[in-house]
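> Take this structure first; my questions come after.
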Amino acid sequence: MSPLIINEVLAHPQDVTWLPWAVQYFFFIGIAACSALLACGLHGRQPELERLTLLIGLTCAITAPLALTADLHQTARVWHFYAWPTPWSWMPWGALFLPLFTGFLGLWFFAVWVQKIYGKTFTLTRWLTFACALTAIGLLVYTGREVSVVRARPLWFSLWFPQAMFLSAFQTLLALLIAASPAGRASHMLARGLLATLGLLAIVIILWVSGDTLSGAALRDWLRWPQAQNLALGWVLLWLLTGGAGLLALKRPGRRYAFVLALCSVALSWLMRWSLLIEGQTIPKFNALFNPYSLAMGTDGLLAIVGTFGLWIALAIVVREILNVLCRRNHHA
């Protein structure tokens, strides 16, 4: 009788690679890129709304790279993308698009506010809008594809991923503009755009989850777990709250619902990125265990989230106040 041989397989839970800094980067760079595209459409038609859109876009474009460099763990390696380019990978393309986009957006922002304050126009402004829009599209493609090409994580491996990220960021931009702009025709237009974007976002998510794809099957399997069900419930509730506040903003324009609308919209966009990027990493690649994740309180956890949002709000306040001071001085002069 041959002896019984028992092989024991041990699997050690792995720490997540992408920390909350990555969620912050994807959140802010999405809004910044959408701001450039919307401002390009507004250029020459609605200058006040264009300037406000660029203000939101520029502050987000400054905040996003800071979060990205924090998530790289070894920030000194950034220059490797330029010294040893690998064009077959998406990361070097991001290293190219990100500084170009921020630079073009900053020049465009400077040009429109110089025109507003001092009445001086620049012939290159129109070309800046095109350059900024092209690099914004490049950023949206890069940030979406660097995740959706990862076959080792079936949850991410879908072309629906970049579309969902774009639509969620765009609805957040529209909600922020509604909250920051005075009630009027522009607010009504923004509210209609917000509701249409929310509808498209819902369609994309439904097609993604119900699709006969590797990612769709992974999403359906993931939704069997209580943690994933709680996150999905959060998506649905925030979508309904954002849509309800958007309807109120459409029917009764004013500041009364603007803050609630912006808060729910931001929460929806952020929760989607947290669910897919962080919670998605708790699903292991090569074993049957779940990789547990607990949010740390320090700079790699809650402090990173709060600090990044605080930096963005501080930048928006500082830039806005500087512009107000310049406008007042020029008016008195």
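Identifiers in the structure tokens: chain A, B, ... in order shown; residue index from 1 per chain; ligand index from 1 in order shown.
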I'd like the contact shell of A:Ile278 - 10 Å cut-off, only C-alpha atoms, skipping same-chain residues fewer than 3 positions apart - returned as a PyMOL selection string.
chain A and resi 16-20+22-23+272-275+281-283+293
> Deliver the residues from the most recent selection as a file, using C-alpha atoms, as a CSV table (one decimal), in the first residue's frame.

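That gives us selection_28.csv:
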chain,number,residue,atom,x,y,z
A,16,VAL,CA,-2.3,46.6,-2.0
A,17,THR,CA,0.1,48.2,-4.4
A,18,TRP,CA,-1.9,51.3,-5.3
A,19,LEU,CA,-2.6,53.4,-2.2
A,20,PRO,CA,-5.3,56.1,-1.7
A,22,ALA,CA,-3.9,56.8,-6.7
A,23,VAL,CA,-7.6,57.3,-6.0
A,272,MET,CA,-16.4,54.7,-7.8
A,273,ARG,CA,-12.7,55.1,-8.0
A,274,TRP,CA,-12.2,53.8,-4.5
A,275,SER,CA,-14.3,50.7,-5.2
A,281,GLN,CA,-7.0,45.1,-5.3
A,282,THR,CA,-8.4,43.0,-2.4
A,283,ILE,CA,-9.2,40.3,-5.0
A,293,TYR,CA,-7.2,46.2,3.5
> Choose the residue, out of A:Ser181, A:Trp113, A:Thr125, A:Leu214, that has the smallest atom-to-atom separation from A:Ser158; count only C-alpha atoms.
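So, comparing all the options, the nearest one is A:Leu214.
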> From the set A:Leu219, A:Leu177, A:Val209, A:Ala67, which residue has the shortest atom-to-atom contact distance to A:Thr299, counting only C-alpha atoms?
A:Ala67
> Taking 2 positions as the minimum chain separation for residues in the same chain, which residues sit within 10 Å of stretch 312-314 of chain A when counting only C-alpha atoms? Answer as a PyMOL selection string.
chain A and resi 28+56+58-64+307-310+316-320
> Residues of the last selection are to be written out with N, CA and C atoms, as an mmCIF file, in the first residue's frame.

data_model
loop_
_atom_site.group_PDB
_atom_site.id
_atom_site.type_symbol
_atom_site.label_atom_id
_atom_site.label_comp_id
_atom_site.auth_asym_id
_atom_site.auth_seq_id
_atom_site.Cartn_x
_atom_site.Cartn_y
_atom_site.Cartn_z
ATOM 1 N N PHE A 28 -8.855 63.722 -9.409
ATOM 2 C CA PHE A 28 -8.583 65.107 -9.784
ATOM 3 C C PHE A 28 -8.171 65.246 -11.249
ATOM 4 N N ILE A 56 -11.372 75.732 -12.018
ATOM 5 C CA ILE A 56 -11.525 74.393 -11.439
ATOM 6 C C ILE A 56 -10.508 73.436 -12.054
ATOM 7 N N LEU A 58 -7.542 74.055 -13.517
ATOM 8 C CA LEU A 58 -6.146 74.306 -13.176
ATOM 9 C C LEU A 58 -5.828 73.860 -11.756
ATOM 10 N N THR A 59 -6.707 74.145 -10.805
ATOM 11 C CA THR A 59 -6.447 73.726 -9.420
ATOM 12 C C THR A 59 -6.431 72.198 -9.305
ATOM 13 N N CYS A 60 -7.284 71.525 -10.059
ATOM 14 C CA CYS A 60 -7.258 70.057 -10.061
ATOM 15 C C CYS A 60 -6.005 69.530 -10.757
ATOM 16 N N ALA A 61 -5.588 70.211 -11.823
ATOM 17 C CA ALA A 61 -4.402 69.778 -12.563
ATOM 18 C C ALA A 61 -3.128 69.955 -11.751
ATOM 19 N N ILE A 62 -3.109 70.883 -10.807
ATOM 20 C CA ILE A 62 -1.953 71.048 -9.920
ATOM 21 C C ILE A 62 -1.984 70.006 -8.805
ATOM 22 N N THR A 63 -3.165 69.714 -8.304
ATOM 23 C CA THR A 63 -3.296 68.764 -7.197
ATOM 24 C C THR A 63 -3.009 67.338 -7.637
ATOM 25 N N ALA A 64 -3.477 66.956 -8.823
ATOM 26 C CA ALA A 64 -3.367 65.563 -9.269
ATOM 27 C C ALA A 64 -1.930 65.055 -9.356
ATOM 28 N N GLY A 307 -5.873 65.512 3.156
ATOM 29 C CA GLY A 307 -4.877 66.514 2.776
ATOM 30 C C GLY A 307 -4.973 66.909 1.320
ATOM 31 N N THR A 308 -5.250 65.950 0.443
ATOM 32 C CA THR A 308 -5.358 66.261 -0.984
ATOM 33 C C THR A 308 -6.571 67.135 -1.269
ATOM 34 N N PHE A 309 -7.707 66.788 -0.665
ATOM 35 C CA PHE A 309 -8.883 67.638 -0.832
ATOM 36 C C PHE A 309 -8.647 69.018 -0.224
ATOM 37 N N GLY A 310 -7.966 69.060 0.927
ATOM 38 C CA GLY A 310 -7.657 70.353 1.535
ATOM 39 C C GLY A 310 -6.758 71.199 0.662
ATOM 40 N N ALA A 316 -7.910 76.634 -4.748
ATOM 41 C CA ALA A 316 -9.038 77.341 -5.353
ATOM 42 C C ALA A 316 -9.290 78.671 -4.655
ATOM 43 N N ILE A 317 -9.211 78.686 -3.324
ATOM 44 C CA ILE A 317 -9.449 79.921 -2.570
ATOM 45 C C ILE A 317 -8.359 80.942 -2.851
ATOM 46 N N VAL A 318 -7.101 80.497 -2.805
ATOM 47 C CA VAL A 318 -5.972 81.420 -3.001
ATOM 48 C C VAL A 318 -6.007 82.024 -4.396
ATOM 49 N N VAL A 319 -6.174 81.187 -5.417
ATOM 50 C CA VAL A 319 -6.190 81.689 -6.796
ATOM 51 C C VAL A 319 -7.374 82.626 -7.004
ATOM 52 N N ARG A 320 -8.519 82.257 -6.466
ATOM 53 C CA ARG A 320 -9.711 83.095 -6.621
ATOM 54 C C ARG A 320 -9.519 84.452 -5.960
#
> Just want the 10 Å neighbourhood of A:Tyr142, counted on only C-alpha atoms, with same-chain residues fewer than 4 positions away dropped. Output as a list of chain:residue names.
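So, after excluding close chain neighbours, the residues are A:Ser89, A:Trp90, A:Met91, A:Pro92, A:Trp93, A:Gly94, A:Ala95, A:Phe97, A:Leu98, A:Ala136, A:Ile137, A:Gly138, A:Glu146, A:Val147, A:Ser148, A:Pro162.
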> Take the residues that were just selected and, keeping C-alpha atoms, output them as a PDB file, in the first residue's frame.

ATOM      1  CA  SER A  89       3.802  51.042 -22.233  1.00  0.00           C
ATOM      2  CA  TRP A  90       1.112  53.516 -21.160  1.00  0.00           C
ATOM      3  CA  MET A  91       3.115  55.008 -18.261  1.00  0.00           C
ATOM      4  CA  PRO A  92       5.647  56.982 -20.378  1.00  0.00           C
ATOM      5  CA  TRP A  93       2.760  58.452 -22.370  1.00  0.00           C
ATOM      6  CA  GLY A  94       1.297  59.706 -19.112  1.00  0.00           C
ATOM      7  CA  ALA A  95       4.657  61.254 -18.203  1.00  0.00           C
ATOM      8  CA  PHE A  97       0.867  64.197 -21.493  1.00  0.00           C
ATOM      9  CA  LEU A  98       0.680  65.315 -17.855  1.00  0.00           C
ATOM     10  CA  ALA A 136      -6.629  66.256 -22.161  1.00  0.00           C
ATOM     11  CA  ILE A 137      -7.872  63.502 -24.467  1.00  0.00           C
ATOM     12  CA  GLY A 138      -4.454  61.880 -24.209  1.00  0.00           C
ATOM     13  CA  GLU A 146      -3.227  51.925 -17.907  1.00  0.00           C
ATOM     14  CA  VAL A 147      -5.823  50.193 -15.727  1.00  0.00           C
ATOM     15  CA  SER A 148      -8.094  48.502 -18.261  1.00  0.00           C
ATOM     16  CA  PRO A 162     -12.301  54.381 -19.065  1.00  0.00           C
TER      17      PRO A 162
END
> When DSSP is applied to the backbone of this structure, which of stretch 113-320 of chain A are assigned alpha helix (DSSP H)? Write them out as a PyMOL selection string.
chain A and resi 113-118+125-148+160-180+185-210+214-222+226-251+258-273+302-320
> Would you mind telling me which residue in A:Leu159, A:Ala36, A:Leu271, A:Val266 lies nearest to A:Trp235 when using only C-alpha atoms?
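For A:Trp235, the nearest of the given residues is A:Leu271.
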> Identify, on the basis of only C-alpha atoms, every residue whose closest approach to A:Leu167 does not exceed 12 Å; exclude the query and any residue fewer than 2 positions from it along the same chain; express the result as a ChimeraX atom specification.
/A:27,30-31,33-34,140,144,160-165,169-174,193-205,265,268-269,272
> Measuring atom to atom with only C-alpha atoms, identify which of A:Gly234, A:Trp239, A:Gly280, A:Ala304 is nearest to A:Trp21.
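Closest residue, counting only C-alpha atoms: A:Ala304.
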> Which of these residues is nearest to A:Gly103, using only C-alpha atoms: A:Trp156, A:Val150, A:Asp71, A:Thr129?
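The answer is A:Thr129, which sits nearest to A:Gly103.
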> Calculate how many Å separate atom CA of A:Gly246 from atom CA of A:Cys264, rounding to one decimal.
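Taking atom CA of A:Gly246 as the start and atom CA of A:Cys264 as the end point, the length is 10.2 Å.
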> Taking only C-alpha atoms into account, name the residue in A:Ala249, A:Leu277, A:Val114, A:Ala39 that is nearest to A:Met189.
A:Ala249
> Kindly give the distance, in Å, that separates atom CA of A:Val112 and atom CA of A:Ala32, rounded to a single decimal.
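Taking atom CA of A:Val112 as the start and atom CA of A:Ala32 as the end point, the length is 16.9 Å.
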